[in-house]
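Colleague: Here you go, one structure.
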Amino acid sequence: VIFESSNQASIIVAQEIARLIRKKQLQGLPCVLGLATGSSPIRVYEELVRMHKEESLSFSNVITFNLDEYLPMEKNNRQSYWYFMHEHLFNHVDIAPENINIPDGTLIGDDIIPYCLNYEQKIKDYGGLDFQLLGIGRTGHIGFNEPGSHYNSGTRVITLDHITRVDAAPSFLGIDNVPRRAITMGISTVQNARRIVLLGWGQNKADIIKKTVEGDISSEVPATYLQRHHNCTFVLDNGAGSKL
Ligand code: GLP
């Protein structure tokens with residue numbers, strides 16, 4: 001779906017998430033959301049916060065699982081996805097801290113693999129993701145599933161692509177400060193969500209959006225795997241959709 005503006009599009013996406021949260025609330029069920037970081041979802045989170053404050057949207061039944069986190073990364077570091085999520089969403093709504101799951105970037109050595117397996121299992125224990133919000137990187141990554149990621153991949157450690165590190169460099173004040181690795185949910189983790197919405201804004205996403213939507217399914221552009229999902233929508237603005 002191509003919108004005139006990312007603002008208008010973000011509001012529509014936030015409304016879909018709010019409807020889902022409210023529906024689950026009425027059913028007395030938890031609402032399990034897979035969440036993304038980056039600039040793309042910021043306006044969606046802003047709108048959800050507004051709905052919490054002005055339209056009594058409650059997050060009391062919401063369980064969140066974030067896609068990824070840099071490795072190594074301290075929670076309180078301004079570049080951490082932990083910090084991002086608290087700044088843009090969690091600090092402003094009534095979600096219980098124990099319902100927030102963000103991959104832990106402070107882990108080292110042998111602790112990491114069991115942690116990733118447990119992250120995966122925890123999502124399953126909640127009955128899977130009801131909704132997964134995604135952005136897309138210039139390499140075609142979703143989460144941090146870089147080119148080469150396998151269709152069956154689960155939550156794991158990944159080595160970041162050079163292009164991804166170049167794109168992250170400004171916020172880290174130089175590429176040398178960008179971590180080389182990350183923990184990311186896998187392609188299968190994402191694909192198992194019952195609903196997926198990918199956000200793409202601006203002309204600089206036009207090429208990768210075209211490859212993702214119209215290209216062959218390939219591990220070289222991991223987002224192309226989404227073509228196989230039965231309930232996935234790409235929500236774009238005119239810029240990102242301009243080459244389709
Ligand atoms: C990072 C994140 C991705 C995100 C991508 C695009 O690499 N790990 O989840 O989709 O950036 O970011 P932006 O939305 O700022 O373009």
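Residue numbers start at 1 in each chain; chains themselves are named A, B, ... in the order of the structure tokens; ligands are numbered from 1 in the order shown.
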Can you tell me which residues surround A:Gly135 at a distance of at most 7 Å, considering only C-alpha atoms, apart from same-chain residues fewer than 3 positions away, and format the answer as a list in words?
Modeller: Ala36, Ser40, Ile142, Leu198, Leu199 and Gly200 of chain A
Colleague: For the selection just defined, write its residues with N, CA and C atoms to a file, as a compact mmCIF listing (two decimals), in the first residue's frame.
Modeller:
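Writing the result to selection.txt gives the following:
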# COMPACT_ATOMS: atom_id res chain seq x y z
N ALA A 36 10.06 -3.22 16.18
CA ALA A 36 11.27 -2.86 15.46
C ALA A 36 11.81 -1.52 15.94
N SER A 40 12.10 4.29 10.97
CA SER A 40 10.80 4.03 10.34
C SER A 40 9.62 3.93 11.30
N ILE A 142 15.87 -7.72 7.46
CA ILE A 142 14.75 -7.47 8.37
C ILE A 142 15.26 -7.91 9.74
N LEU A 198 5.50 -4.22 7.14
CA LEU A 198 6.83 -3.63 6.92
C LEU A 198 6.66 -2.19 6.49
N LEU A 199 7.41 -1.30 7.16
CA LEU A 199 7.35 0.13 6.86
C LEU A 199 8.53 0.53 6.00
N GLY A 200 8.29 1.34 4.98
CA GLY A 200 9.40 1.86 4.17
C GLY A 200 9.12 3.30 3.78
Colleague: Could you list, as a tab-separated table (two decimals) with N, CA and C atoms, in the first residue's frame, all protein and nucleic acid residues with an atom at most 10 Å from ligand 1, counting only C-alpha atoms and all ligand atoms?
Modeller:
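Below is the file selection15.tsv, written as the result:
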chain	number	residue	atom	x	y	z
A	35	LEU	N	8.40	-6.00	17.82
A	35	LEU	CA	8.64	-4.58	17.54
A	35	LEU	C	10.01	-4.33	16.93
A	36	ALA	N	10.06	-3.22	16.18
A	36	ALA	CA	11.27	-2.86	15.46
A	36	ALA	C	11.81	-1.52	15.94
A	37	THR	N	13.07	-1.30	15.66
A	37	THR	CA	13.69	0.00	15.95
A	37	THR	C	14.05	0.67	14.63
A	38	GLY	N	14.85	1.72	14.70
A	38	GLY	CA	15.19	2.48	13.49
A	38	GLY	C	14.25	3.67	13.36
A	39	SER	N	14.49	4.48	12.35
A	39	SER	CA	13.68	5.70	12.21
A	39	SER	C	12.26	5.39	11.72
A	40	SER	N	12.10	4.29	10.97
A	40	SER	CA	10.80	4.03	10.34
A	40	SER	C	9.62	3.93	11.30
A	41	PRO	N	9.74	3.20	12.44
A	41	PRO	CA	8.54	3.05	13.29
A	41	PRO	C	8.31	4.19	14.28
A	42	ILE	N	9.16	5.19	14.31
A	42	ILE	CA	9.06	6.22	15.37
A	42	ILE	C	7.67	6.88	15.41
A	66	ASN	N	11.34	-7.48	21.02
A	66	ASN	CA	12.04	-6.69	20.01
A	66	ASN	C	12.86	-7.58	19.10
A	67	LEU	N	13.01	-7.11	17.88
A	67	LEU	CA	13.71	-7.88	16.86
A	67	LEU	C	15.18	-8.12	17.17
A	68	ASP	N	15.85	-7.08	17.67
A	68	ASP	CA	17.31	-7.18	17.67
A	68	ASP	C	17.96	-6.21	18.65
A	69	GLU	N	19.26	-6.42	18.85
A	69	GLU	CA	20.08	-5.52	19.67
A	69	GLU	C	21.54	-5.71	19.24
A	70	TYR	N	22.27	-4.62	19.27
A	70	TYR	CA	23.70	-4.72	18.98
A	70	TYR	C	24.40	-5.56	20.04
A	81	TYR	N	19.15	-0.39	21.43
A	81	TYR	CA	17.75	-0.50	21.08
A	81	TYR	C	16.90	-0.54	22.34
A	133	LEU	N	6.03	-5.84	13.51
A	133	LEU	CA	6.33	-4.59	12.81
A	133	LEU	C	7.77	-4.67	12.32
A	134	LEU	N	8.00	-4.29	11.07
A	134	LEU	CA	9.35	-4.35	10.50
A	134	LEU	C	9.73	-3.05	9.79
A	135	GLY	N	11.03	-2.75	9.80
A	135	GLY	CA	11.61	-1.80	8.86
A	135	GLY	C	12.44	-2.62	7.90
A	136	ILE	N	13.16	-1.97	7.03
A	136	ILE	CA	14.04	-2.71	6.12
A	136	ILE	C	15.36	-1.95	5.97
A	137	GLY	N	16.45	-2.70	6.02
A	137	GLY	CA	17.77	-2.08	5.84
A	137	GLY	C	18.13	-2.07	4.36
A	138	ARG	N	19.13	-1.26	4.02
A	138	ARG	CA	19.54	-1.16	2.60
A	138	ARG	C	20.06	-2.48	2.04
A	139	THR	N	20.52	-3.39	2.93
A	139	THR	CA	20.98	-4.70	2.45
A	139	THR	C	19.82	-5.66	2.21
A	140	GLY	N	18.60	-5.21	2.55
A	140	GLY	CA	17.45	-6.11	2.47
A	140	GLY	C	17.28	-6.89	3.76
A	141	HIS	N	17.93	-6.41	4.83
A	141	HIS	CA	17.75	-7.13	6.09
A	141	HIS	C	16.43	-6.75	6.75
A	142	ILE	N	15.87	-7.72	7.46
A	142	ILE	CA	14.75	-7.47	8.37
A	142	ILE	C	15.26	-7.91	9.74
A	143	GLY	N	14.97	-7.10	10.78
A	143	GLY	CA	15.73	-7.27	12.02
A	143	GLY	C	17.17	-7.03	11.61
A	144	PHE	N	18.08	-7.92	12.03
A	144	PHE	CA	19.45	-7.86	11.51
A	144	PHE	C	19.76	-9.13	10.72
A	145	ASN	N	18.76	-9.68	10.05
A	145	ASN	CA	19.00	-10.85	9.19
A	145	ASN	C	19.63	-10.39	7.90
A	146	GLU	N	20.94	-10.41	7.89
A	146	GLU	CA	21.71	-9.89	6.75
A	146	GLU	C	21.70	-10.88	5.58
A	160	LEU	N	27.29	-8.17	11.39
A	160	LEU	CA	26.63	-7.12	10.60
A	160	LEU	C	27.34	-6.89	9.28
A	161	ASP	N	26.55	-6.64	8.26
A	161	ASP	CA	27.05	-6.31	6.94
A	161	ASP	C	27.75	-4.95	6.97
A	163	ILE	N	27.58	-2.54	4.85
A	163	ILE	CA	26.64	-1.46	4.49
A	163	ILE	C	25.79	-1.06	5.71
A	164	THR	N	25.39	-2.05	6.48
A	164	THR	CA	24.59	-1.77	7.69
A	164	THR	C	25.39	-0.93	8.67
A	165	ARG	N	26.69	-1.26	8.79
A	165	ARG	CA	27.53	-0.51	9.73
A	165	ARG	C	27.78	0.90	9.22
A	167	ASP	N	25.62	2.61	7.43
A	167	ASP	CA	24.37	3.34	7.68
A	167	ASP	C	24.21	3.72	9.15
A	168	ALA	N	24.76	2.90	10.04
A	168	ALA	CA	24.63	3.17	11.47
A	168	ALA	C	25.70	4.14	11.97
A	182	ALA	N	25.40	-8.53	16.30
A	182	ALA	CA	24.11	-8.24	16.92
A	182	ALA	C	23.43	-9.56	17.25
A	183	ILE	N	22.43	-9.47	18.14
A	183	ILE	CA	21.51	-10.60	18.33
A	183	ILE	C	20.26	-10.24	17.56
A	184	THR	N	19.76	-11.15	16.75
A	184	THR	CA	18.54	-10.87	15.99
A	184	THR	C	17.59	-12.06	16.02
A	198	LEU	N	5.50	-4.22	7.14
A	198	LEU	CA	6.83	-3.63	6.92
A	198	LEU	C	6.66	-2.19	6.49
A	199	LEU	N	7.41	-1.30	7.16
A	199	LEU	CA	7.35	0.13	6.86
A	199	LEU	C	8.53	0.53	6.00
A	200	GLY	N	8.29	1.34	4.98
A	200	GLY	CA	9.40	1.86	4.17
A	200	GLY	C	9.12	3.30	3.78
A	201	TRP	N	10.01	4.18	4.17
A	201	TRP	CA	9.82	5.61	3.87
A	201	TRP	C	11.00	6.16	3.09
A	202	GLY	N	10.69	6.96	2.10
A	202	GLY	CA	11.72	7.76	1.44
A	202	GLY	C	12.36	7.10	0.24
A	204	ASN	N	15.37	6.78	-0.62
A	204	ASN	CA	16.57	5.92	-0.45
A	204	ASN	C	16.21	4.46	-0.15
A	205	LYS	N	14.92	4.17	0.06
A	205	LYS	CA	14.50	2.77	0.23
A	205	LYS	C	13.90	2.20	-1.07
Colleague: From the list A:Phe172, A:Phe65, A:Phe84, A:Gln203, which residue is nearest A:Thr155 when using only C-alpha atoms?
Modeller: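 Looking at the shortest contact to A:Thr155, the residue is A:Phe65.
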Colleague: Can you work out the spacing between atom CA of A:Val32 and atom CA of A:Ile12 in Å, to one decimal?
Modeller: 19.1 Å
Colleague: Write down as a list in words the residues of stretch 155-186 of chain A whose backbone DSSP state falls under alpha helix (DSSP H).
Modeller: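 Selecting the alpha helix (DSSP H) positions of stretch 155-186 of chain A gives His162, Ile163, Thr164, Arg165, Val166, Asp167 and Ala168 of chain A.
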Colleague: Any chance you could export the current selection's C-alpha atoms as a short mmCIF file (atom, residue, chain, number, x, y, z; two decimals), in the first residue's frame?
Modeller:
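Heads up, here's the output in result01.cif:
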data_model
loop_
_atom_site.label_atom_id
_atom_site.label_comp_id
_atom_site.auth_asym_id
_atom_site.auth_seq_id
_atom_site.Cartn_x
_atom_site.Cartn_y
_atom_site.Cartn_z
CA HIS A 162 29.47 -3.50 6.08
CA ILE A 163 26.64 -1.46 4.49
CA THR A 164 24.59 -1.77 7.69
CA ARG A 165 27.53 -0.51 9.73
CA VAL A 166 28.06 2.39 7.30
CA ASP A 167 24.37 3.34 7.68
CA ALA A 168 24.63 3.17 11.47
#
Colleague: Per DSSP on the backbone, filter stretch 106-200 of chain A down to the residues in strand (DSSP E) and report them as a count of residues only.
Modeller: 17
Colleague: Could you work out how far atom CA of A:His150 lies from atom CA of A:Ile175, giving the answer in Å with one decimal?
Modeller: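 Separation of atom CA of A:Ile175 and atom CA of A:His150: 26.7 Å.
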Colleague: With distances taken over only C-alpha atoms, which residue among A:Gly28, A:Gly174, A:Gly128, A:Gly215 lies nearest A:Ser188?
Modeller: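 That would be A:Gly128, the residue with the smallest distance to A:Ser188.
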Colleague: Pick out the closest residue to A:Leu129 from this set: A:Ala193, A:Val213, A:Leu107, A:Cys232. Count only C-alpha atoms.
Modeller: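 Checking each of A:Ala193, A:Val213, A:Leu107, A:Cys232 against A:Leu129, counting only C-alpha atoms, the winner is A:Ala193.
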Colleague: Leaving out stretch 206-208 of chain A and any residue of its chain fewer than 3 positions from it, which residues lie within 7 Å of it when counting only C-alpha atoms, given as a PDB file with N, CA and C atoms, in the first residue's frame?
Modeller:
ATOM      1  N   ARG A 138      19.129  -1.265   4.016  1.00  0.00           N
ATOM      2  CA  ARG A 138      19.541  -1.165   2.603  1.00  0.00           C
ATOM      3  C   ARG A 138      20.058  -2.483   2.039  1.00  0.00           C
ATOM      4  N   GLY A 140      18.604  -5.208   2.555  1.00  0.00           N
ATOM      5  CA  GLY A 140      17.451  -6.110   2.472  1.00  0.00           C
ATOM      6  C   GLY A 140      17.275  -6.890   3.759  1.00  0.00           C
ATOM      7  N   GLN A 203      12.840   7.972  -0.627  1.00  0.00           N
ATOM      8  CA  GLN A 203      13.450   7.576  -1.896  1.00  0.00           C
ATOM      9  C   GLN A 203      14.630   6.618  -1.700  1.00  0.00           C
ATOM     10  N   LYS A 211      13.476  -4.513  -5.199  1.00  0.00           N
ATOM     11  CA  LYS A 211      14.077  -5.864  -5.194  1.00  0.00           C
ATOM     12  C   LYS A 211      13.276  -6.812  -4.308  1.00  0.00           C
ATOM     13  N   THR A 212      12.818  -6.301  -3.171  1.00  0.00           N
ATOM     14  CA  THR A 212      12.125  -7.138  -2.195  1.00  0.00           C
ATOM     15  C   THR A 212      10.751  -7.574  -2.685  1.00  0.00           C
ATOM     16  N   GLY A 239       7.886   7.976  -1.966  1.00  0.00           N
ATOM     17  CA  GLY A 239       9.314   7.825  -2.248  1.00  0.00           C
ATOM     18  C   GLY A 239       9.736   6.362  -2.288  1.00  0.00           C
ATOM     19  N   ALA A 240       9.429   5.628  -1.230  1.00  0.00           N
ATOM     20  CA  ALA A 240       9.847   4.225  -1.135  1.00  0.00           C
ATOM     21  C   ALA A 240       9.168   3.368  -2.203  1.00  0.00           C
ATOM     22  N   GLY A 241       7.954   3.775  -2.606  1.00  0.00           N
ATOM     23  CA  GLY A 241       7.227   2.989  -3.594  1.00  0.00           C
ATOM     24  C   GLY A 241       7.455   3.452  -5.031  1.00  0.00           C
ATOM     25  N   SER A 242       8.359   4.410  -5.213  1.00  0.00           N
ATOM     26  CA  SER A 242       8.461   5.081  -6.508  1.00  0.00           C
ATOM     27  C   SER A 242       9.019   4.197  -7.632  1.00  0.00           C
ATOM     28  N   LYS A 243       9.691   3.088  -7.303  1.00  0.00           N
ATOM     29  CA  LYS A 243      10.253   2.259  -8.391  1.00  0.00           C
ATOM     30  C   LYS A 243       9.437   0.993  -8.647  1.00  0.00           C
TER      31      LYS A 243
END
Colleague: Find the spatial neighbours of A:Glu87, counting only C-alpha atoms, within a cut-off of 12 Å - ignore same-chain residues fewer than 5 positions away - and output them as a list of chain:residue names.
Modeller: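 Everything that qualifies: A:Thr37, A:Ile42, A:Tyr45, A:Glu46, A:Val49, A:Lys75, A:Asn76, A:Asn77, A:Arg78, A:Gln79, A:Ser80, A:Tyr81, A:Trp82, A:His92, A:Val93.
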Colleague: Now that the selection is made, can you save its residues with C-alpha atoms as an mmCIF file, in the first residue's frame?
Modeller:
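The resulting file, selection-v9.cif, is reproduced below:
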data_model
loop_
_atom_site.group_PDB
_atom_site.id
_atom_site.type_symbol
_atom_site.label_atom_id
_atom_site.label_comp_id
_atom_site.auth_asym_id
_atom_site.auth_seq_id
_atom_site.Cartn_x
_atom_site.Cartn_y
_atom_site.Cartn_z
ATOM 1 C CA THR A 37 13.689 -0.005 15.952
ATOM 2 C CA ILE A 42 9.059 6.218 15.365
ATOM 3 C CA TYR A 45 5.073 4.620 18.417
ATOM 4 C CA GLU A 46 4.312 8.315 18.831
ATOM 5 C CA VAL A 49 1.566 6.910 22.950
ATOM 6 C CA LYS A 75 21.185 -1.052 27.989
ATOM 7 C CA ASN A 76 21.720 2.544 29.056
ATOM 8 C CA ASN A 77 23.905 3.422 26.093
ATOM 9 C CA ARG A 78 22.044 5.974 23.952
ATOM 10 C CA GLN A 79 22.632 3.838 20.841
ATOM 11 C CA SER A 80 21.055 0.738 22.337
ATOM 12 C CA TYR A 81 17.746 -0.499 21.076
ATOM 13 C CA TRP A 82 16.774 -0.919 24.732
ATOM 14 C CA HIS A 92 5.145 6.563 28.090
ATOM 15 C CA VAL A 93 2.626 3.704 28.295
#
